[in-house]
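Structure file start-v2.cif (mmCIF, C-alpha atoms) is printed below.
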```
data_protein
#
loop_
_atom_site.group_PDB
_atom_site.id
_atom_site.type_symbol
_atom_site.label_atom_id
_atom_site.label_comp_id
_atom_site.auth_asym_id
_atom_site.auth_seq_id
_atom_site.Cartn_x
_atom_site.Cartn_y
_atom_site.Cartn_z
ATOM 1 C CA LYS A 1 -61.716 -22.293 -15.054
ATOM 2 C CA LYS A 2 -65.315 -22.536 -16.113
ATOM 3 C CA ILE A 3 -68.034 -19.932 -16.084
ATOM 4 C CA THR A 4 -71.652 -20.972 -15.624
ATOM 5 C CA MET A 5 -73.501 -20.809 -18.921
ATOM 6 C CA THR A 6 -75.887 -18.103 -17.791
ATOM 7 C CA ILE A 7 -76.839 -15.196 -20.011
ATOM 8 C CA THR A 8 -77.269 -11.710 -18.606
ATOM 9 C CA GLY A 9 -78.801 -8.774 -20.393
ATOM 10 C CA GLU A 10 -81.909 -8.919 -22.573
ATOM 11 C CA SER A 11 -81.882 -12.737 -22.663
ATOM 12 C CA SER A 12 -82.045 -14.805 -19.489
ATOM 13 C CA PRO A 13 -82.069 -18.438 -18.385
ATOM 14 C CA ASN A 14 -85.746 -18.028 -17.449
ATOM 15 C CA ASP A 15 -86.540 -17.004 -21.015
ATOM 16 C CA ALA A 16 -84.704 -20.093 -22.211
ATOM 17 C CA ALA A 17 -86.556 -22.346 -19.787
ATOM 18 C CA ALA A 18 -89.915 -20.933 -20.809
ATOM 19 C CA SER A 19 -89.233 -21.760 -24.428
ATOM 20 C CA GLY A 20 -87.804 -25.199 -23.658
ATOM 21 C CA ALA A 21 -84.325 -24.066 -24.726
ATOM 22 C CA THR A 22 -81.117 -24.442 -22.762
ATOM 23 C CA SER A 23 -78.743 -21.617 -21.844
ATOM 24 C CA ILE A 24 -76.313 -22.703 -24.526
ATOM 25 C CA ASP A 25 -79.161 -22.604 -27.064
ATOM 26 C CA VAL A 26 -79.659 -18.957 -26.173
ATOM 27 C CA VAL A 27 -75.935 -18.314 -26.589
ATOM 28 C CA ASN A 28 -75.899 -19.990 -29.981
ATOM 29 C CA ASP A 29 -78.987 -18.047 -31.036
ATOM 30 C CA SER A 30 -77.272 -14.806 -30.007
ATOM 31 C CA ILE A 31 -74.137 -15.781 -31.890
ATOM 32 C CA ASP A 32 -76.173 -16.528 -35.007
ATOM 33 C CA LYS A 33 -77.983 -13.204 -34.813
ATOM 34 C CA LEU A 34 -74.737 -11.299 -34.327
ATOM 35 C CA LYS A 35 -72.843 -13.426 -36.854
ATOM 36 C CA LEU A 36 -70.185 -14.086 -34.237
ATOM 37 C CA GLU A 37 -69.351 -17.700 -34.954
ATOM 38 C CA PRO A 38 -65.702 -18.278 -34.116
ATOM 39 C CA ALA A 39 -63.780 -18.274 -37.374
ATOM 40 C CA ASN A 40 -61.910 -21.402 -38.380
ATOM 41 C CA VAL A 41 -59.476 -20.724 -41.193
ATOM 42 C CA LYS A 42 -57.323 -23.537 -42.583
ATOM 43 C CA GLY A 43 -57.711 -25.616 -39.453
ATOM 44 C CA THR A 44 -56.727 -22.873 -37.022
ATOM 45 C CA GLY A 45 -58.751 -20.867 -34.531
ATOM 46 C CA GLY A 46 -59.317 -17.579 -36.300
ATOM 47 C CA SER A 47 -56.587 -16.656 -38.768
ATOM 48 C CA GLU A 48 -53.649 -17.275 -36.416
ATOM 49 C CA PRO A 49 -52.254 -20.610 -35.159
ATOM 50 C CA ARG A 50 -54.127 -22.161 -32.271
ATOM 51 C CA MET A 51 -52.727 -21.913 -28.751
ATOM 52 C CA PHE A 52 -54.894 -24.770 -27.425
ATOM 53 C CA ASP A 53 -56.809 -27.672 -28.935
ATOM 54 C CA ALA A 54 -59.805 -26.675 -31.056
ATOM 55 C CA GLU A 55 -62.258 -28.129 -28.549
ATOM 56 C CA VAL A 56 -60.738 -26.145 -25.671
ATOM 57 C CA GLU A 57 -60.703 -22.867 -27.584
ATOM 58 C CA ASP A 58 -64.225 -23.251 -28.924
ATOM 59 C CA LYS A 59 -65.531 -24.063 -25.448
ATOM 60 C CA GLY A 60 -63.674 -21.075 -24.034
ATOM 61 C CA VAL A 61 -65.246 -18.764 -26.599
ATOM 62 C CA GLN A 62 -68.720 -20.130 -25.848
ATOM 63 C CA ASP A 63 -68.192 -19.595 -22.111
ATOM 64 C CA ILE A 64 -67.007 -16.031 -22.640
ATOM 65 C CA LEU A 65 -69.964 -15.187 -24.870
ATOM 66 C CA ALA A 66 -72.326 -16.696 -22.312
ATOM 67 C CA ALA A 67 -70.927 -14.392 -19.617
ATOM 68 C CA LEU A 68 -71.490 -11.238 -21.680
ATOM 69 C CA THR A 69 -74.710 -9.271 -21.924
ATOM 70 C CA ASP A 70 -76.464 -8.905 -25.267
ATOM 71 C CA SER A 71 -75.219 -5.326 -25.374
ATOM 72 C CA GLU A 72 -71.639 -6.428 -24.781
ATOM 73 C CA ARG A 73 -71.866 -9.165 -27.414
ATOM 74 C CA SER A 74 -73.142 -6.655 -29.944
ATOM 75 C CA SER A 75 -70.180 -4.383 -29.118
ATOM 76 C CA LEU A 76 -67.523 -7.000 -29.909
ATOM 77 C CA THR A 77 -65.144 -5.718 -32.553
ATOM 78 C CA ASP A 78 -65.114 -8.982 -34.504
ATOM 79 C CA ALA A 79 -65.846 -12.691 -34.165
ATOM 80 C CA ASN A 80 -62.427 -13.539 -32.772
ATOM 81 C CA MET A 81 -62.254 -10.943 -29.995
ATOM 82 C CA PRO A 82 -63.274 -13.492 -27.297
ATOM 83 C CA LEU A 83 -60.717 -15.977 -28.639
ATOM 84 C CA ARG A 84 -57.894 -13.448 -28.477
ATOM 85 C CA HIS A 85 -58.703 -12.627 -24.855
ATOM 86 C CA PHE A 86 -58.974 -16.348 -24.041
ATOM 87 C CA ARG A 87 -55.505 -16.943 -25.469
ATOM 88 C CA ALA A 88 -54.043 -13.834 -23.826
ATOM 89 C CA GLU A 89 -55.178 -15.136 -20.427
ATOM 90 C CA LYS A 90 -53.695 -18.589 -21.141
ATOM 91 C CA GLY A 91 -57.108 -20.263 -21.208
ATOM 92 C CA ASP A 92 -58.370 -18.735 -17.951
ATOM 93 C CA THR A 93 -61.964 -17.978 -18.910
ATOM 94 C CA GLU A 94 -62.752 -16.022 -15.768
ATOM 95 C CA LYS A 95 -59.857 -13.623 -16.354
ATOM 96 C CA ALA A 96 -60.685 -13.387 -20.065
ATOM 97 C CA VAL A 97 -64.271 -12.362 -19.287
ATOM 98 C CA ALA A 98 -63.089 -9.657 -16.868
ATOM 99 C CA LYS A 99 -60.556 -8.341 -19.390
ATOM 100 C CA ILE A 100 -62.938 -8.286 -22.340
ATOM 101 C CA LYS A 101 -65.531 -6.417 -20.259
ATOM 102 C CA GLU A 102 -62.864 -3.876 -19.290
ATOM 103 C CA THR A 103 -61.870 -3.449 -22.932
ATOM 104 C CA LEU A 104 -65.443 -2.993 -24.129
ATOM 105 C CA GLN A 105 -65.972 -0.345 -21.443
ATOM 106 C CA TRP A 106 -62.692 1.346 -22.359
ATOM 107 C CA ARG A 107 -63.627 1.423 -26.058
ATOM 108 C CA LYS A 108 -66.910 3.070 -25.141
ATOM 109 C CA GLU A 109 -65.355 5.661 -22.814
ATOM 110 C CA PHE A 110 -62.423 6.386 -25.145
ATOM 111 C CA GLU A 111 -64.859 6.657 -28.077
ATOM 112 C CA VAL A 112 -62.808 4.382 -30.293
ATOM 113 C CA GLU A 113 -65.502 4.188 -32.981
ATOM 114 C CA LYS A 114 -65.517 7.977 -33.234
ATOM 115 C CA ILE A 115 -61.741 7.902 -33.723
ATOM 116 C CA VAL A 116 -61.946 5.137 -36.348
ATOM 117 C CA ASN A 117 -64.667 6.914 -38.320
ATOM 118 C CA CYS A 118 -63.345 10.473 -38.051
ATOM 119 C CA THR A 119 -61.843 10.449 -41.559
ATOM 120 C CA SER A 120 -65.028 9.061 -43.133
ATOM 121 C CA GLU A 121 -67.790 11.187 -44.590
ATOM 122 C CA GLY A 122 -69.862 12.522 -41.714
ATOM 123 C CA GLY A 123 -67.121 11.731 -39.191
ATOM 124 C CA ASP A 124 -66.560 13.834 -36.087
ATOM 125 C CA GLU A 125 -64.732 16.990 -37.197
ATOM 126 C CA ALA A 126 -63.205 17.831 -33.810
ATOM 127 C CA THR A 127 -61.693 14.354 -33.577
ATOM 128 C CA LEU A 128 -60.400 14.607 -37.143
ATOM 129 C CA GLU A 129 -58.652 17.886 -36.374
ATOM 130 C CA LEU A 130 -56.871 16.303 -33.404
ATOM 131 C CA ILE A 131 -55.774 13.333 -35.531
ATOM 132 C CA LYS A 132 -54.586 15.658 -38.306
ATOM 133 C CA HIS A 133 -52.541 17.701 -35.846
ATOM 134 C CA ASP A 134 -50.795 14.666 -34.366
ATOM 135 C CA ASN A 135 -50.256 13.011 -37.743
ATOM 136 C CA LYS A 136 -48.747 15.931 -39.638
ATOM 137 C CA ASP A 137 -45.156 15.295 -38.527
ATOM 138 C CA GLY A 138 -45.254 11.590 -39.367
ATOM 139 C CA LYS A 139 -44.513 10.346 -35.868
ATOM 140 C CA VAL A 140 -46.956 7.420 -36.199
ATOM 141 C CA TYR A 141 -48.410 5.931 -39.389
ATOM 142 C CA VAL A 142 -48.997 2.626 -41.161
ATOM 143 C CA ARG A 143 -46.837 1.670 -44.123
ATOM 144 C CA SER A 144 -45.810 -1.554 -45.874
ATOM 145 C CA TYR A 145 -46.537 -5.231 -45.161
ATOM 146 C CA THR A 146 -44.460 -8.178 -44.035
ATOM 147 C CA LYS A 147 -44.227 -11.158 -46.379
ATOM 148 C CA GLU A 148 -47.048 -12.734 -44.323
ATOM 149 C CA GLY A 149 -49.293 -9.777 -45.134
ATOM 150 C CA ARG A 150 -49.111 -8.076 -41.734
ATOM 151 C CA ALA A 151 -49.392 -4.289 -41.828
ATOM 152 C CA VAL A 152 -46.580 -2.334 -40.201
ATOM 153 C CA MET A 153 -47.245 0.519 -37.788
ATOM 154 C CA LEU A 154 -44.256 2.873 -37.740
ATOM 155 C CA LEU A 155 -43.427 4.965 -34.677
ATOM 156 C CA ARG A 156 -40.746 7.663 -34.711
ATOM 157 C CA PRO A 157 -40.456 9.021 -31.144
ATOM 158 C CA ALA A 158 -37.855 11.669 -31.981
ATOM 159 C CA ARG A 159 -40.517 13.450 -34.041
ATOM 160 C CA ASP A 160 -42.860 13.819 -31.069
ATOM 161 C CA LYS A 161 -42.073 17.233 -29.603
ATOM 162 C CA VAL A 162 -45.414 17.920 -27.918
ATOM 163 C CA HIS A 163 -46.259 14.952 -25.643
ATOM 164 C CA LYS A 164 -49.960 15.725 -25.211
ATOM 165 C CA GLU A 165 -51.024 12.484 -23.599
ATOM 166 C CA HIS A 166 -54.710 12.158 -24.491
ATOM 167 C CA GLU A 167 -54.313 13.382 -28.064
ATOM 168 C CA GLY A 168 -51.295 11.138 -28.491
ATOM 169 C CA MET A 169 -53.264 8.102 -27.315
ATOM 170 C CA MET A 170 -56.098 8.951 -29.718
ATOM 171 C CA HIS A 171 -53.590 9.110 -32.562
ATOM 172 C CA LEU A 172 -52.006 5.823 -31.469
ATOM 173 C CA VAL A 173 -55.405 4.103 -31.387
ATOM 174 C CA TYR A 174 -56.316 5.493 -34.824
ATOM 175 C CA ASN A 175 -53.179 3.937 -36.301
ATOM 176 C CA LEU A 176 -53.587 0.679 -34.387
ATOM 177 C CA GLU A 177 -57.105 0.298 -35.742
ATOM 178 C CA ARG A 178 -55.904 1.165 -39.229
ATOM 179 C CA ALA A 179 -53.078 -1.371 -39.116
ATOM 180 C CA ILE A 180 -55.548 -4.012 -37.952
ATOM 181 C CA GLN A 181 -57.954 -3.309 -40.811
ATOM 182 C CA CYS A 182 -55.082 -3.460 -43.320
ATOM 183 C CA THR A 183 -53.902 -6.757 -41.842
ATOM 184 C CA GLU A 184 -57.343 -8.356 -41.666
ATOM 185 C CA LYS A 185 -57.942 -7.873 -45.374
ATOM 186 C CA ASN A 186 -54.932 -10.178 -45.860
ATOM 187 C CA GLY A 187 -56.443 -12.855 -43.624
ATOM 188 C CA LYS A 188 -54.303 -12.134 -40.555
ATOM 189 C CA GLU A 189 -55.023 -10.621 -37.134
ATOM 190 C CA LYS A 190 -51.629 -9.644 -35.733
ATOM 191 C CA ILE A 191 -49.809 -6.534 -36.903
ATOM 192 C CA VAL A 192 -46.135 -5.550 -36.699
ATOM 193 C CA VAL A 193 -44.848 -2.486 -34.844
ATOM 194 C CA MET A 194 -41.573 -0.909 -35.919
ATOM 195 C CA ILE A 195 -40.048 1.870 -33.784
ATOM 196 C CA ASP A 196 -37.262 4.110 -35.067
ATOM 197 C CA TYR A 197 -34.992 5.381 -32.297
ATOM 198 C CA LYS A 198 -32.539 7.145 -34.602
ATOM 199 C CA GLY A 199 -31.792 10.568 -33.141
ATOM 200 C CA PHE A 200 -33.569 9.666 -29.901
ATOM 201 C CA SER A 201 -32.470 11.471 -26.744
ATOM 202 C CA LEU A 202 -33.844 11.505 -23.225
ATOM 203 C CA ARG A 203 -35.605 14.806 -23.941
ATOM 204 C CA ASP A 204 -37.629 12.876 -26.546
ATOM 205 C CA ALA A 205 -38.732 10.319 -23.969
ATOM 206 C CA PRO A 206 -42.409 10.635 -23.032
ATOM 207 C CA PRO A 207 -43.470 11.015 -19.394
ATOM 208 C CA LEU A 208 -43.613 7.708 -17.514
ATOM 209 C CA SER A 209 -47.417 8.020 -17.282
ATOM 210 C CA THR A 210 -47.629 8.153 -21.090
ATOM 211 C CA SER A 211 -45.375 5.118 -21.476
ATOM 212 C CA LYS A 212 -47.462 3.154 -18.970
ATOM 213 C CA LEU A 213 -50.692 4.161 -20.716
ATOM 214 C CA THR A 214 -49.291 3.146 -24.097
ATOM 215 C CA LEU A 215 -48.312 -0.256 -22.726
ATOM 216 C CA ALA A 216 -51.747 -0.653 -21.122
ATOM 217 C CA ILE A 217 -53.443 -0.024 -24.466
ATOM 218 C CA PHE A 218 -51.260 -2.562 -26.262
ATOM 219 C CA GLN A 219 -51.339 -5.209 -23.542
ATOM 220 C CA SER A 220 -54.855 -4.912 -22.103
ATOM 221 C CA HIS A 221 -57.026 -3.658 -24.944
ATOM 222 C CA TYR A 222 -55.322 -5.153 -28.003
ATOM 223 C CA PRO A 223 -54.233 -8.599 -26.753
ATOM 224 C CA GLU A 224 -52.963 -11.045 -29.372
ATOM 225 C CA ARG A 225 -52.906 -8.214 -31.923
ATOM 226 C CA ILE A 226 -49.122 -7.766 -32.166
ATOM 227 C CA SER A 227 -46.893 -10.267 -33.910
ATOM 228 C CA ARG A 228 -43.558 -8.489 -33.347
ATOM 229 C CA PHE A 229 -42.089 -5.225 -32.068
ATOM 230 C CA TYR A 230 -38.933 -4.194 -33.917
ATOM 231 C CA LEU A 231 -36.859 -1.544 -32.112
ATOM 232 C CA LEU A 232 -34.433 -0.058 -34.615
ATOM 233 C CA ASN A 233 -31.358 2.104 -34.164
ATOM 234 C CA PRO A 234 -31.511 2.527 -30.370
ATOM 235 C CA PRO A 235 -28.612 4.734 -29.169
ATOM 236 C CA MET A 236 -26.682 3.960 -25.994
ATOM 237 C CA ILE A 237 -28.751 6.518 -24.054
ATOM 238 C CA PHE A 238 -31.871 4.476 -24.873
ATOM 239 C CA ARG A 239 -30.799 1.982 -22.208
ATOM 240 C CA VAL A 240 -31.771 4.514 -19.534
ATOM 241 C CA PHE A 241 -35.297 4.848 -20.937
ATOM 242 C CA TRP A 242 -35.551 1.080 -21.473
ATOM 243 C CA ASN A 243 -34.618 0.324 -17.880
ATOM 244 C CA ILE A 244 -37.370 2.683 -16.702
ATOM 245 C CA VAL A 245 -40.193 1.145 -18.757
ATOM 246 C CA LYS A 246 -39.045 -2.503 -18.766
ATOM 247 C CA PRO A 247 -40.657 -3.395 -15.411
ATOM 248 C CA PHE A 248 -44.078 -2.456 -16.810
ATOM 249 C CA ILE A 249 -43.812 -4.750 -19.843
ATOM 250 C CA ASP A 250 -45.419 -8.152 -19.356
ATOM 251 C CA PRO A 251 -43.376 -11.262 -20.310
ATOM 252 C CA VAL A 252 -45.529 -12.065 -23.357
ATOM 253 C CA THR A 253 -45.002 -8.603 -24.837
ATOM 254 C CA LYS A 254 -41.311 -8.637 -23.924
ATOM 255 C CA ALA A 255 -40.824 -11.886 -25.839
ATOM 256 C CA LYS A 256 -42.111 -10.193 -29.000
ATOM 257 C CA ILE A 257 -39.523 -7.400 -28.896
ATOM 258 C CA ALA A 258 -36.517 -7.568 -31.211
ATOM 259 C CA PHE A 259 -33.690 -5.020 -31.008
ATOM 260 C CA CYS A 260 -32.215 -4.405 -34.447
ATOM 261 C CA HIS A 261 -28.654 -3.122 -34.803
ATOM 262 C CA GLY A 262 -26.389 -3.068 -37.833
ATOM 263 C CA LYS A 263 -26.012 -6.083 -40.124
ATOM 264 C CA ALA A 264 -27.614 -8.512 -37.668
ATOM 265 C CA GLY A 265 -30.629 -6.221 -37.336
ATOM 266 C CA GLN A 266 -30.907 -5.970 -41.102
ATOM 267 C CA GLU A 267 -31.019 -9.749 -41.388
ATOM 268 C CA VAL A 268 -33.859 -9.903 -38.860
ATOM 269 C CA ILE A 269 -35.893 -7.401 -40.884
ATOM 270 C CA GLU A 270 -35.076 -9.093 -44.194
ATOM 271 C CA GLU A 271 -36.330 -12.395 -42.831
ATOM 272 C CA ALA A 272 -39.686 -10.826 -41.905
ATOM 273 C CA PHE A 273 -40.174 -8.735 -45.042
ATOM 274 C CA GLY A 274 -38.379 -10.401 -47.933
ATOM 275 C CA ASP A 275 -38.975 -7.438 -50.249
ATOM 276 C CA MET A 276 -37.031 -4.567 -48.689
ATOM 277 C CA GLY A 277 -38.004 -2.181 -51.469
ATOM 278 C CA THR A 278 -41.145 -0.998 -49.660
ATOM 279 C CA LEU A 279 -39.355 0.016 -46.453
ATOM 280 C CA GLU A 280 -37.865 3.394 -45.643
ATOM 281 C CA SER A 281 -34.080 3.723 -45.422
ATOM 282 C CA TRP A 282 -34.012 3.920 -41.593
ATOM 283 C CA ALA A 283 -35.684 0.481 -41.585
ATOM 284 C CA TYR A 284 -32.997 -1.014 -43.860
ATOM 285 C CA GLY A 285 -35.166 -0.330 -46.900
ATOM 286 C CA THR A 286 -33.505 -0.537 -50.323
ATOM 287 C CA GLY A 287 -36.156 1.133 -52.475
ATOM 288 C CA ASP A 288 -36.678 4.741 -53.492
ATOM 289 C CA VAL A 289 -39.831 5.212 -51.402
ATOM 290 C CA ARG A 290 -41.807 8.415 -51.182
ATOM 291 C CA ASP A 291 -41.747 10.677 -48.150
ATOM 292 C CA PHE A 292 -44.761 10.387 -45.883
ATOM 293 C CA ASP A 293 -47.674 12.659 -46.798
ATOM 294 C CA SER A 294 -50.165 13.086 -43.964
ATOM 295 C CA GLY A 295 -52.928 14.593 -46.092
ATOM 296 C CA GLU A 296 -52.777 11.694 -48.543
ATOM 297 C CA TYR A 297 -52.621 9.154 -45.731
ATOM 298 C CA LEU A 298 -55.677 10.451 -43.872
ATOM 299 C CA SER A 299 -57.748 10.776 -47.040
ATOM 300 C CA ALA A 300 -57.143 7.129 -48.016
ATOM 301 C CA PRO A 301 -59.421 4.270 -46.843
ATOM 302 C CA MET A 302 -58.743 2.847 -43.365
ATOM 303 C CA ASN A 303 -57.780 -0.542 -44.836
ATOM 304 C CA MET A 304 -54.911 0.861 -46.910
ATOM 305 C CA VAL A 305 -51.378 1.577 -45.740
ATOM 306 C CA PHE A 306 -49.637 4.732 -46.895
ATOM 307 C CA ASP A 307 -48.541 4.609 -50.531
ATOM 308 C CA GLU A 308 -50.414 1.345 -51.147
ATOM 309 C CA LYS A 309 -51.002 0.793 -54.832
#
```
Could I get this file's structure written as structure tokens?
Amino acid sequence: KKITMTITGESSPNDAAASGATSIDVVNDSIDKLKLEPANVKGTGGSEPRMFDAEVEDKGVQDILAALTDSERSSLTDANMPLRHFRAEKGDTEKAVAKIKETLQWRKEFEVEKIVNCTSEGGDEATLELIKHDNKDGKVYVRSYTKEGRAVMLLRPARDKVHKEHEGMMHLVYNLERAIQCTEKNGKEKIVVMIDYKGFSLRDAPPLSTSKLTLAIFQSHYPERISRFYLLNPPMIFRVFWNIVKPFIDPVTKAKIAFCHGKAGQEVIEEAFGDMGTLESWAYGTGDVRDFDSGEYLSAPMNMVFDEK
């Protein structure tokens, strides 16, 4: 589907006509000013393999940018945000525009930038205290890289004994953003999520509303940001929880999920990581890795995983 190349916001088609420029000229001018030219690394759209032909993807990005206001374009997280939404909606530009607008509004309302910057000098102290509180038990953090250079976000549900929904979502977003920054410095966009279900029981399961909100954040606001989900050590009782949340998982996300059990699970992880010496023992790691230290983790730069040398 195509969207008319009309700019809303501070620039308008009338402004373009008055200057003798076309609407697409205004879009290109805005892109230049914002430095939002779609990246093209090693013949691919962005730093991940293309989903469509280059011409289709580039046109889709231009159409999406044209449908955004100047304010929305300036709020894009990076040059490839429109491309990720275009791919997530299977090339449906109209849906991609609606989704990216929703995400930009969500980021504003959820104050994502405040969360990202809370550990920096001058960051919001109240937000930092909430992140510190949720991070102290090591239930979510970023550690290690795959052999492709993708950062790994580790989740350990059995360690979450509080289930405060809003604070938990803030902590999840902090770690998502951190994993993305760590991954992007290696020239990639998609991260890996590894969930440890060792010791998991139904009393550790979050409320259904929390599970649905978590899925919404992953699927709606971070599209094309996850390479794989590895679910490790799920006990038999996990099937009950899985059957509850499975209907809310879209097919694209579901296809990225790998259940890892025993020797077969180890082989799956070994294929993705190669060097198993940087992983913790519950993730089939073979090295003598340090225990997680929350204070050290939160004091390190956002683009570094825990214990990164």
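If you look at CA of Ile131 (chain A) and CA of Ser227 (chain A), they are 25.3 Å away from each other.
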**Within 9 Å of file point (-39.1, 4.8, -44.7), counting all atoms listed in the file, expressed as a PyMOL selection string** = chain A and resi 143+154+278-285+289-292
Could you dump the residues just selected with C-alpha atoms as a CSV table (one decimal), keeping the file's coordinate frame?
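Below is the file selection-v9.csv, written as the result:
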```
chain,number,residue,atom,x,y,z
A,143,ARG,CA,-46.8,1.7,-44.1
A,154,LEU,CA,-44.3,2.9,-37.7
A,278,THR,CA,-41.1,-1.0,-49.7
A,279,LEU,CA,-39.4,0.0,-46.5
A,280,GLU,CA,-37.9,3.4,-45.6
A,281,SER,CA,-34.1,3.7,-45.4
A,282,TRP,CA,-34.0,3.9,-41.6
A,283,ALA,CA,-35.7,0.5,-41.6
A,284,TYR,CA,-33.0,-1.0,-43.9
A,285,GLY,CA,-35.2,-0.3,-46.9
A,289,VAL,CA,-39.8,5.2,-51.4
A,290,ARG,CA,-41.8,8.4,-51.2
A,291,ASP,CA,-41.7,10.7,-48.2
A,292,PHE,CA,-44.8,10.4,-45.9
```
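Shortest separation to Val140 (chain A) among A:Ala158, A:Ile191, A:Met302, A:Leu231 occurs at residue A:Ala158, atoms counted being all atoms listed in the file.
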Got a sec to resolve the PyMOL selection byres ((chain A and resi 192-208) around 9) on this structure and send the residues as an mmCIF file with C-alpha atoms, in the frame of the given file?
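For reference, expr_18.cif as written:
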```
data_model
loop_
_atom_site.group_PDB
_atom_site.id
_atom_site.type_symbol
_atom_site.label_atom_id
_atom_site.label_comp_id
_atom_site.auth_asym_id
_atom_site.auth_seq_id
_atom_site.Cartn_x
_atom_site.Cartn_y
_atom_site.Cartn_z
ATOM 1 C CA TYR A 145 -46.537 -5.231 -45.161
ATOM 2 C CA THR A 146 -44.460 -8.178 -44.035
ATOM 3 C CA ARG A 150 -49.111 -8.076 -41.734
ATOM 4 C CA ALA A 151 -49.392 -4.289 -41.828
ATOM 5 C CA VAL A 152 -46.580 -2.334 -40.201
ATOM 6 C CA MET A 153 -47.245 0.519 -37.788
ATOM 7 C CA LEU A 154 -44.256 2.873 -37.740
ATOM 8 C CA LEU A 155 -43.427 4.965 -34.677
ATOM 9 C CA ARG A 156 -40.746 7.663 -34.711
ATOM 10 C CA PRO A 157 -40.456 9.021 -31.144
ATOM 11 C CA ALA A 158 -37.855 11.669 -31.981
ATOM 12 C CA ARG A 159 -40.517 13.450 -34.041
ATOM 13 C CA ASP A 160 -42.860 13.819 -31.069
ATOM 14 C CA LYS A 161 -42.073 17.233 -29.603
ATOM 15 C CA HIS A 163 -46.259 14.952 -25.643
ATOM 16 C CA GLU A 165 -51.024 12.484 -23.599
ATOM 17 C CA ALA A 179 -53.078 -1.371 -39.116
ATOM 18 C CA LYS A 190 -51.629 -9.644 -35.733
ATOM 19 C CA ILE A 191 -49.809 -6.534 -36.903
ATOM 20 C CA SER A 209 -47.417 8.020 -17.282
ATOM 21 C CA THR A 210 -47.629 8.153 -21.090
ATOM 22 C CA SER A 211 -45.375 5.118 -21.476
ATOM 23 C CA LYS A 212 -47.462 3.154 -18.970
ATOM 24 C CA LEU A 213 -50.692 4.161 -20.716
ATOM 25 C CA ARG A 225 -52.906 -8.214 -31.923
ATOM 26 C CA ILE A 226 -49.122 -7.766 -32.166
ATOM 27 C CA SER A 227 -46.893 -10.267 -33.910
ATOM 28 C CA ARG A 228 -43.558 -8.489 -33.347
ATOM 29 C CA PHE A 229 -42.089 -5.225 -32.068
ATOM 30 C CA TYR A 230 -38.933 -4.194 -33.917
ATOM 31 C CA LEU A 231 -36.859 -1.544 -32.112
ATOM 32 C CA LEU A 232 -34.433 -0.058 -34.615
ATOM 33 C CA ASN A 233 -31.358 2.104 -34.164
ATOM 34 C CA PRO A 234 -31.511 2.527 -30.370
ATOM 35 C CA PRO A 235 -28.612 4.734 -29.169
ATOM 36 C CA ILE A 237 -28.751 6.518 -24.054
ATOM 37 C CA PHE A 238 -31.871 4.476 -24.873
ATOM 38 C CA VAL A 240 -31.771 4.514 -19.534
ATOM 39 C CA PHE A 241 -35.297 4.848 -20.937
ATOM 40 C CA ILE A 244 -37.370 2.683 -16.702
ATOM 41 C CA VAL A 245 -40.193 1.145 -18.757
ATOM 42 C CA TRP A 282 -34.012 3.920 -41.593
ATOM 43 C CA ALA A 283 -35.684 0.481 -41.585
#
```
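We find CA of Asn175 (chain A) and CA of Gly262 (chain A) to be spaced 27.7 Å apart.
Minimum distance to Lys136 (chain A) across A:Arg87, A:Asp307, A:Cys260, A:His171 (counting all atoms listed in the file) occurs at A:His171.
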